[in-house]
file upload-v3.csv (CSV, C-alpha atoms and all ligand atoms)
chain,number,residue,atom,x,y,z
A,1,MET,CA,5.8,10.3,-11.9
A,2,SER,CA,3.1,10.2,-14.4
A,3,ASN,CA,-0.5,11.1,-14.2
A,4,GLN,CA,-1.2,8.9,-17.1
A,5,SER,CA,0.1,5.8,-15.3
A,6,PHE,CA,-2.0,6.6,-12.3
A,7,GLU,CA,-5.1,7.0,-14.5
A,8,ILE,CA,-4.5,3.5,-16.1
A,9,LEU,CA,-4.2,2.1,-12.6
A,10,ARG,CA,-7.2,3.9,-11.2
A,11,ALA,CA,-9.4,2.8,-14.1
A,12,TYR,CA,-8.2,-0.8,-13.9
A,13,PHE,CA,-9.0,-1.1,-10.2
A,14,GLU,CA,-12.3,0.8,-10.6
A,15,GLY,CA,-13.3,-2.1,-13.0
A,16,VAL,CA,-12.0,-4.6,-10.4
A,17,ASP,CA,-14.1,-2.9,-7.7
A,18,GLU,CA,-17.2,-3.1,-9.8
A,19,ARG,CA,-16.8,-6.8,-10.6
A,20,GLU,CA,-15.9,-7.7,-7.0
A,21,ARG,CA,-19.0,-5.8,-5.6
A,22,SER,CA,-21.2,-7.7,-8.0
A,23,ARG,CA,-19.6,-10.9,-6.6
A,24,ASP,CA,-19.9,-9.7,-3.0
A,25,ARG,CA,-16.1,-9.9,-2.7
A,26,HIS,CA,-15.2,-6.3,-2.2
A,27,GLU,CA,-14.9,-6.8,1.5
A,28,GLN,CA,-14.0,-10.2,2.8
A,29,THR,CA,-13.1,-11.6,6.2
A,30,THR,CA,-9.8,-13.6,6.1
A,31,ASP,CA,-8.2,-15.8,8.8
A,32,VAL,CA,-6.1,-12.8,10.0
A,33,GLY,CA,-8.3,-9.8,9.4
A,34,VAL,CA,-10.6,-8.2,6.9
A,35,PHE,CA,-9.8,-7.5,3.2
A,36,VAL,CA,-11.0,-4.1,2.2
A,37,PRO,CA,-9.0,-2.1,-0.4
A,38,CYS,CA,-7.6,1.3,0.4
A,39,SER,CA,-8.3,4.4,-1.7
A,40,LEU,CA,-5.8,4.6,-4.5
A,41,THR,CA,-6.5,8.3,-5.0
A,42,TYR,CA,-5.7,9.1,-1.4
A,43,ILE,CA,-2.6,6.9,-1.2
A,44,ASN,CA,-1.4,8.3,-4.6
A,45,VAL,CA,-1.6,11.9,-3.2
A,46,VAL,CA,0.2,11.0,0.0
A,47,LEU,CA,2.9,9.0,-1.7
A,48,GLN,CA,3.7,11.8,-4.1
A,49,LYS,CA,4.0,14.2,-1.2
A,50,LEU,CA,6.1,11.9,0.9
A,51,ILE,CA,8.5,11.3,-2.0
A,52,GLN,CA,8.7,15.1,-2.8
A,53,ASP,CA,9.4,15.8,0.9
A,54,ARG,CA,12.1,13.1,0.9
A,55,VAL,CA,10.4,11.1,3.6
A,56,ILE,CA,10.2,8.1,1.4
A,57,ASP,CA,13.3,6.9,-0.5
A,58,PRO,CA,11.9,5.6,-3.8
A,59,THR,CA,15.0,3.4,-4.4
A,60,ALA,CA,14.4,1.4,-1.1
A,61,ILE,CA,12.0,-1.6,-1.0
A,62,PHE,CA,8.4,-0.7,-0.2
A,63,LEU,CA,6.3,-3.4,1.6
A,64,ASP,CA,2.6,-3.5,1.9
A,65,ALA,CA,2.1,-5.6,5.0
A,66,GLY,CA,-1.3,-7.3,4.2
A,67,SER,CA,-1.4,-6.4,0.5
A,68,GLY,CA,-4.9,-7.6,-0.4
A,69,ASP,CA,-5.5,-7.4,-4.1
A,70,GLY,CA,-2.2,-5.7,-4.7
A,71,ARG,CA,-3.3,-2.2,-5.6
A,72,ILE,CA,-1.0,-0.3,-3.3
A,73,VAL,CA,2.1,-2.2,-4.5
A,74,CYS,CA,1.0,-1.7,-8.1
A,75,LEU,CA,0.8,2.1,-7.3
A,76,ALA,CA,4.2,2.2,-5.7
A,77,SER,CA,5.9,0.3,-8.5
A,78,GLY,CA,3.7,1.3,-11.5
A,79,VAL,CA,3.5,5.0,-10.9
A,80,TYR,CA,6.6,5.8,-8.7
A,81,ARG,CA,8.9,3.0,-9.9
A,82,ILE,CA,9.5,1.9,-6.3
A,83,PRO,CA,10.6,-1.8,-5.9
A,84,SER,CA,7.8,-3.3,-3.9
A,85,ILE,CA,6.7,-6.5,-2.2
A,86,GLY,CA,3.3,-7.4,-0.9
A,87,VAL,CA,2.6,-10.0,1.7
A,88,GLU,CA,-0.9,-11.4,1.9
A,89,TYR,CA,-2.0,-14.2,4.2
A,90,ASP,CA,-5.1,-15.3,2.2
A,91,PRO,CA,-4.0,-17.5,-0.7
A,92,GLU,CA,-7.0,-16.8,-2.9
A,93,ILE,CA,-6.6,-13.0,-2.5
A,94,ALA,CA,-2.9,-13.3,-3.1
A,95,THR,CA,-3.5,-15.2,-6.3
A,96,ARG,CA,-5.9,-12.5,-7.4
A,97,SER,CA,-3.3,-9.8,-6.8
A,98,ARG,CA,-0.8,-11.7,-8.9
A,99,ARG,CA,-3.4,-11.9,-11.7
A,100,HIS,CA,-3.8,-8.1,-11.5
A,101,ILE,CA,-0.1,-7.6,-11.7
A,102,GLY,CA,0.1,-9.9,-14.8
A,103,ARG,CA,-2.7,-7.9,-16.5
A,104,LEU,CA,-1.2,-4.5,-15.6
A,105,ARG,CA,2.1,-5.7,-17.1
A,106,LYS,CA,0.2,-6.5,-20.3
A,107,LEU,CA,-1.0,-2.9,-20.2
A,108,SER,CA,2.7,-1.9,-20.0
A,109,LEU,CA,2.1,-0.3,-16.6
A,110,LEU,CA,4.6,-2.5,-14.7
A,111,ASP,CA,7.2,-2.9,-17.5
A,112,GLU,CA,10.5,-2.3,-15.7
A,113,ILE,CA,9.7,-2.6,-12.0
A,114,TYR,CA,6.9,-4.8,-10.8
A,115,PRO,CA,5.7,-6.0,-7.4
A,116,ILE,CA,6.5,-9.4,-6.0
A,117,ILE,CA,3.7,-11.0,-3.9
A,118,ALA,CA,4.4,-13.5,-1.1
A,119,THR,CA,1.6,-15.6,0.4
A,120,GLY,CA,2.2,-15.7,4.1
A,121,ASP,CA,2.2,-14.0,7.4
A,122,PHE,CA,3.9,-10.6,7.5
A,123,ARG,CA,4.9,-11.2,11.1
A,124,ARG,CA,7.1,-14.1,10.2
A,125,ASP,CA,10.8,-13.9,9.0
A,126,GLU,CA,10.3,-17.0,6.8
A,127,THR,CA,7.9,-15.0,4.6
A,128,TYR,CA,10.7,-12.6,3.6
A,129,GLU,CA,13.3,-15.3,3.4
A,130,GLY,CA,11.1,-17.0,0.9
A,131,LEU,CA,11.5,-13.9,-1.3
A,132,GLY,CA,15.3,-13.9,-0.8
A,133,ILE,CA,15.3,-10.8,1.3
A,134,ASN,CA,15.8,-9.9,4.9
A,135,PHE,CA,13.1,-7.8,6.7
A,136,GLY,CA,15.7,-5.3,7.7
A,137,GLU,CA,16.3,-4.4,4.0
A,138,ILE,CA,12.8,-2.9,3.6
A,139,GLY,CA,12.9,0.9,3.6
A,140,THR,CA,9.1,1.7,3.8
A,141,VAL,CA,6.4,-0.4,5.4
A,142,PHE,CA,2.7,0.4,4.6
A,143,ASN,CA,-0.2,-1.1,6.5
A,144,PHE,CA,-3.9,-0.5,6.2
A,145,ALA,CA,-5.3,-1.1,9.7
A,146,SER,CA,-4.4,-4.8,9.9
A,147,ASN,CA,-2.5,-6.2,12.9
A,148,GLN,CA,-0.6,-2.9,12.9
A,149,ARG,CA,0.8,-3.2,16.4
A,150,GLU,CA,2.5,-6.4,15.4
A,151,ILE,CA,4.2,-5.0,12.3
A,152,ALA,CA,5.1,-1.8,14.2
A,153,HIS,CA,6.8,-4.0,16.8
A,154,LYS,CA,8.6,-5.9,14.2
A,155,ILE,CA,10.0,-2.7,12.6
A,156,ALA,CA,11.0,-1.5,16.1
A,157,MET,CA,12.8,-4.7,16.8
A,158,GLN,CA,14.4,-5.6,13.5
A,159,SER,CA,14.6,-2.6,11.1
A,160,PRO,CA,17.5,-0.1,10.8
A,161,GLU,CA,17.1,3.4,12.1
A,162,GLY,CA,15.3,5.6,9.5
A,163,THR,CA,12.9,2.9,8.3
A,164,VAL,CA,9.5,4.5,7.6
A,165,PHE,CA,6.2,3.1,8.7
A,166,LEU,CA,3.0,4.4,7.0
A,167,LEU,CA,-0.1,3.5,8.9
A,168,CYS,CA,-3.4,4.2,7.1
A,169,ASP,CA,-6.5,4.0,9.4
A,170,PHE,CA,-9.7,5.8,10.4
A,171,ASN,CA,-8.3,7.6,13.4
A,172,SER,CA,-7.5,11.3,13.0
A,173,TYR,CA,-4.6,10.9,15.6
A,174,GLY,CA,-1.6,8.6,15.2
A,175,GLU,CA,-1.4,5.9,17.9
A,176,GLN,CA,1.9,5.5,19.8
A,177,PHE,CA,4.2,2.5,19.1
A,178,ASP,CA,7.2,1.7,21.3
A,179,GLY,CA,10.4,2.1,19.4
A,180,LEU,CA,8.9,4.3,16.6
A,181,ARG,CA,8.8,8.0,16.4
A,182,PHE,CA,5.5,9.6,15.2
A,183,GLN,CA,6.3,12.2,12.5
A,184,ARG,CA,3.0,13.5,11.2
A,185,THR,CA,-0.5,12.8,10.0
A,186,MET,CA,-1.2,13.7,6.4
A,187,GLU,CA,-4.1,16.0,7.3
A,188,GLU,CA,-3.0,18.7,5.0
A,189,VAL,CA,-3.8,16.6,2.0
A,190,GLU,CA,-7.4,17.8,1.5
A,191,GLU,CA,-7.4,18.9,-2.1
A,192,TYR,CA,-6.1,17.5,-5.3
A,193,ILE,CA,-6.4,18.0,-8.9
A,194,ASP,CA,-8.7,15.3,-10.4
A,195,VAL,CA,-7.5,14.5,-13.9
A,196,SER,CA,-9.9,11.7,-14.6
A,197,ASP,CA,-11.2,13.9,-17.4
A,198,PRO,CA,-8.0,15.2,-18.9
A,199,GLU,CA,-9.9,17.9,-20.9
A,200,ASN,CA,-11.3,19.3,-17.7
A,201,PRO,CA,-9.1,18.8,-14.6
A,202,THR,CA,-10.9,19.9,-11.5
A,203,LYS,CA,-10.0,20.6,-7.9
A,204,SER,CA,-11.5,17.9,-5.7
A,205,THR,CA,-11.5,17.2,-2.0
A,206,LEU,CA,-10.2,13.9,-0.7
A,207,PHE,CA,-12.3,11.4,1.0
A,208,GLN,CA,-11.3,12.3,4.6
A,209,ASN,CA,-12.3,9.0,6.2
A,210,TYR,CA,-8.7,7.9,5.8
A,211,HIS,CA,-5.7,9.2,7.7
A,212,LEU,CA,-2.2,8.3,6.9
A,213,HIS,CA,0.2,8.5,9.9
A,214,VAL,CA,3.9,8.6,9.3
A,215,TYR,CA,6.4,7.0,11.8
A,216,ARG,CA,10.2,6.5,11.7
A,217,LYS,CA,12.3,4.0,13.5
A,301,LIG,C1,-7.6,-3.9,5.1
A,301,LIG,S1,-6.9,-5.0,3.9
A,301,LIG,C2,-5.8,-3.9,3.0
A,301,LIG,C3,-5.4,-4.4,1.7
A,301,LIG,C4,-4.3,-3.5,1.0
A,301,LIG,N1,-3.2,-3.2,1.8
A,301,LIG,C5,-4.9,-2.2,0.6
A,301,LIG,O1,-4.7,-1.2,1.3
A,301,LIG,O2,-5.7,-2.1,-0.4
A,301,LIG,C6,-5.8,-5.9,4.9
A,301,LIG,C7,-5.3,-7.3,4.4
A,301,LIG,O3,-4.2,-7.7,5.3
A,301,LIG,C8,-4.2,-9.1,5.3
A,301,LIG,N2,-3.5,-9.4,6.6
A,301,LIG,C9,-3.9,-9.1,7.9
A,301,LIG,N3,-2.9,-9.6,8.7
A,301,LIG,C10,-2.0,-10.2,8.0
A,301,LIG,C11,-0.8,-10.9,8.3
A,301,LIG,N4,-0.4,-11.0,9.6
A,301,LIG,N5,0.0,-11.4,7.3
A,301,LIG,C12,-0.4,-11.3,6.0
A,301,LIG,N6,-1.6,-10.6,5.6
A,301,LIG,C13,-2.3,-10.1,6.6
A,301,LIG,C14,-5.7,-9.4,5.3
A,301,LIG,O4,-5.9,-10.8,4.9
A,301,LIG,C15,-6.3,-8.4,4.3
A,301,LIG,O5,-6.3,-8.9,3.0
call {"tool": "encode", "arguments": {"input": "upload-v3.csv", "output": "structure tokens", "more": "lines below"}}
Ligand SMILES: C[S@@+](CC[C@H](N)C(=O)[O-])C[C@H]1O[C@@H](n2cnc3c(N)ncnc32)[C@H](O)[C@@H]1O
result
Amino acid sequence: MSNQSFEILRAYFEGVDERERSRDRHEQTTDVGVFVPCSLTYINVVLQKLIQDRVIDPTAIFLDAGSGDGRIVCLASGVYRIPSIGVEYDPEIATRSRRHIGRLRKLSLLDEIYPIIATGDFRRDETYEGLGINFGEIGTVFNFASNQREIAHKIAMQSPEGTVFLLCDFNSYGEQFDGLRFQRTMEEVEEYIDVSDPENPTKSTLFQNYHLHVYRK
């Protein structure tokens, strides 16, 4: 797990954010929700902790259900070498995410393992079949506050015992989903070492608007 890879990714998506803000595309309404990217810094810290604590199996497929511009799957594959797939409904945003993956591969961030993006609806089995996989093969499902009840229901109905559901939202408590067991909210992640200036790493506090809730089938 390399800080250097994370810094490449963070800097790349900071540039993306700047450009998209100037084009007024940083937040966009799509036919199925709203595209707004999650904080890479926050998700990096929680992923690292969940892998260390053996909650996430880094050899199992990671899905971002509603993958937007692809930053979370790039984090999973580029920094943690987790095989990942992203499913995004909006074709233009999905195309953008494939472009980012292509550019990050040129920067050698996604050399060995890189994310695969499907354009489609994460609620439908055909979307996964189109990628040659079965929904039940996915080990970890991430969702950033987008039709979360429906993906939680799909996991409860179709995934094997032990499948992990990571829901990031703005609630400090984890809502209940039938068929899934709530495990914890990553409240304890409040401080991290900011290495954006490698000469001068500092202790910083995370943006606490986000909360990541962990569930298991
Ligand atoms: C809040 S954004 C999160 C983007 C990304 N996961 C991140 O954290 O940076 C949610 C995205 O999910 C997509 N989405 C919502 N419902 C969907 C569905 N049923 N199938 C596929 N994509 C969906 C939206 O189009 C939007 O781009």
call {"tool": "atom_distance", "arguments": {"input": "upload-v3.csv", "atom1": "CA of Thr29 (chain A)", "atom2": "CA of Asp169 (chain A)"}}
result
17.2 Å
call {"tool": "residues_near_ligand", "arguments": {"input": "upload-v3.csv", "ligand": "ligand LIG 301 (chain A)", "cutoff": "9 Å", "atoms": "only C-alpha atoms and all ligand atoms", "output": "ChimeraX atom specification"}}
result
/A:27-40,43,64-73,86-91,93-94,118-124,142-148,150-151,168
call {"tool": "write_last_selection", "arguments": {"input": "upload-v3.csv", "atoms": "C-alpha atoms", "output": "compact mmCIF listing (two decimals), keeping the file's coordinate frame"}}
result
# COMPACT_ATOMS: atom_id res chain seq x y z
CA GLU A 27 -14.90 -6.80 1.50
CA GLN A 28 -14.00 -10.20 2.80
CA THR A 29 -13.10 -11.60 6.20
CA THR A 30 -9.80 -13.60 6.10
CA ASP A 31 -8.20 -15.80 8.80
CA VAL A 32 -6.10 -12.80 10.00
CA GLY A 33 -8.30 -9.80 9.40
CA VAL A 34 -10.60 -8.20 6.90
CA PHE A 35 -9.80 -7.50 3.20
CA VAL A 36 -11.00 -4.10 2.20
CA PRO A 37 -9.00 -2.10 -0.40
CA CYS A 38 -7.60 1.30 0.40
CA SER A 39 -8.30 4.40 -1.70
CA LEU A 40 -5.80 4.60 -4.50
CA ILE A 43 -2.60 6.90 -1.20
CA ASP A 64 2.60 -3.50 1.90
CA ALA A 65 2.10 -5.60 5.00
CA GLY A 66 -1.30 -7.30 4.20
CA SER A 67 -1.40 -6.40 0.50
CA GLY A 68 -4.90 -7.60 -0.40
CA ASP A 69 -5.50 -7.40 -4.10
CA GLY A 70 -2.20 -5.70 -4.70
CA ARG A 71 -3.30 -2.20 -5.60
CA ILE A 72 -1.00 -0.30 -3.30
CA VAL A 73 2.10 -2.20 -4.50
CA GLY A 86 3.30 -7.40 -0.90
CA VAL A 87 2.60 -10.00 1.70
CA GLU A 88 -0.90 -11.40 1.90
CA TYR A 89 -2.00 -14.20 4.20
CA ASP A 90 -5.10 -15.30 2.20
CA PRO A 91 -4.00 -17.50 -0.70
CA ILE A 93 -6.60 -13.00 -2.50
CA ALA A 94 -2.90 -13.30 -3.10
CA ALA A 118 4.40 -13.50 -1.10
CA THR A 119 1.60 -15.60 0.40
CA GLY A 120 2.20 -15.70 4.10
CA ASP A 121 2.20 -14.00 7.40
CA PHE A 122 3.90 -10.60 7.50
CA ARG A 123 4.90 -11.20 11.10
CA ARG A 124 7.10 -14.10 10.20
CA PHE A 142 2.70 0.40 4.60
CA ASN A 143 -0.20 -1.10 6.50
CA PHE A 144 -3.90 -0.50 6.20
CA ALA A 145 -5.30 -1.10 9.70
CA SER A 146 -4.40 -4.80 9.90
CA ASN A 147 -2.50 -6.20 12.90
CA GLN A 148 -0.60 -2.90 12.90
CA GLU A 150 2.50 -6.40 15.40
CA ILE A 151 4.20 -5.00 12.30
CA CYS A 168 -3.40 4.20 7.10
call {"tool": "residues_around", "arguments": {"input": "upload-v3.csv", "residues": "Glu112 (chain A)", "least_positions_apart": "5", "cutoff": "12 Å", "atoms": "only C-alpha atoms", "output": "JSON, numbers by chain"}}
result
{"A": [77, 78, 79, 80, 81, 82, 83, 104, 105]}
call {"tool": "atom_distance", "arguments": {"input": "upload-v3.csv", "atom1": "CA of Thr185 (chain A)", "atom2": "CA of Val45 (chain A)"}}
result
13.3 Å
call {"tool": "atom_distance", "arguments": {"input": "upload-v3.csv", "atom1": "CA of Asn3 (chain A)", "atom2": "CA of Asn44 (chain A)"}}
result
10.0 Å
call {"tool": "residues_around", "arguments": {"input": "upload-v3.csv", "residues": "Tyr12 (chain A)", "least_positions_apart": "2", "cutoff": "10 Å", "atoms": "only C-alpha atoms", "output": "NGL selection string"}}
result
:A and (6-10 or 14-17 or 71 or 100 or 103-104 or 107)
call {"tool": "closest_residue", "arguments": {"input": "upload-v3.csv", "among": "A:Leu180, A:Ala60, A:Leu212, A:Leu131", "to": "Met157 (chain A)", "atoms": "all atoms listed in the file"}}
result
A:Leu180
call {"tool": "residues_around", "arguments": {"input": "upload-v3.csv", "residues": "Gly162 (chain A)", "least_positions_apart": "5", "cutoff": "9 Å", "atoms": "all atoms listed in the file", "output": "VMD selection string"}}
result
chain A and resid 139 216 to 217
call {"tool": "closest_residue", "arguments": {"input": "upload-v3.csv", "among": "A:Ile113, A:Ala76, A:Leu63, A:Pro198", "to": "Ile155 (chain A)", "atoms": "all atoms listed in the file"}}
result
A:Leu63
call {"tool": "closest_residue", "arguments": {"input": "upload-v3.csv", "among": "A:Gln158, A:Lys49, A:Pro115, A:Met186", "to": "Asn171 (chain A)", "atoms": "only C-alpha atoms"}}
result
A:Met186
call {"tool": "closest_residue", "arguments": {"input": "upload-v3.csv", "among": "A:Asn134, A:Thr127, A:Gln176, A:Thr41", "to": "Arg149 (chain A)", "atoms": "all atoms listed in the file"}}
result
A:Gln176
call {"tool": "closest_residue", "arguments": {"input": "upload-v3.csv", "among": "A:Val214, A:Asp197, A:Ser159, A:Tyr173", "to": "Ala11 (chain A)", "atoms": "all atoms listed in the file"}}
result
A:Asp197
call {"tool": "closest_residue", "arguments": {"input": "upload-v3.csv", "among": "A:Glu137, A:Glu129, A:Asp111, A:Glu92", "to": "Pro160 (chain A)", "atoms": "only C-alpha atoms"}}
result
A:Glu137
call {"tool": "axis_aligned_box", "arguments": {"input": "upload-v3.csv", "around": "region 131-140 of chain A", "padding_each_side": "4 Å", "output": "AutoDock Vina command-line options"}}
result
--center_x 12.7 --center_y -6.1 --center_z 3.2 --size_x 15.2 --size_y 23.6 --size_z 17.0
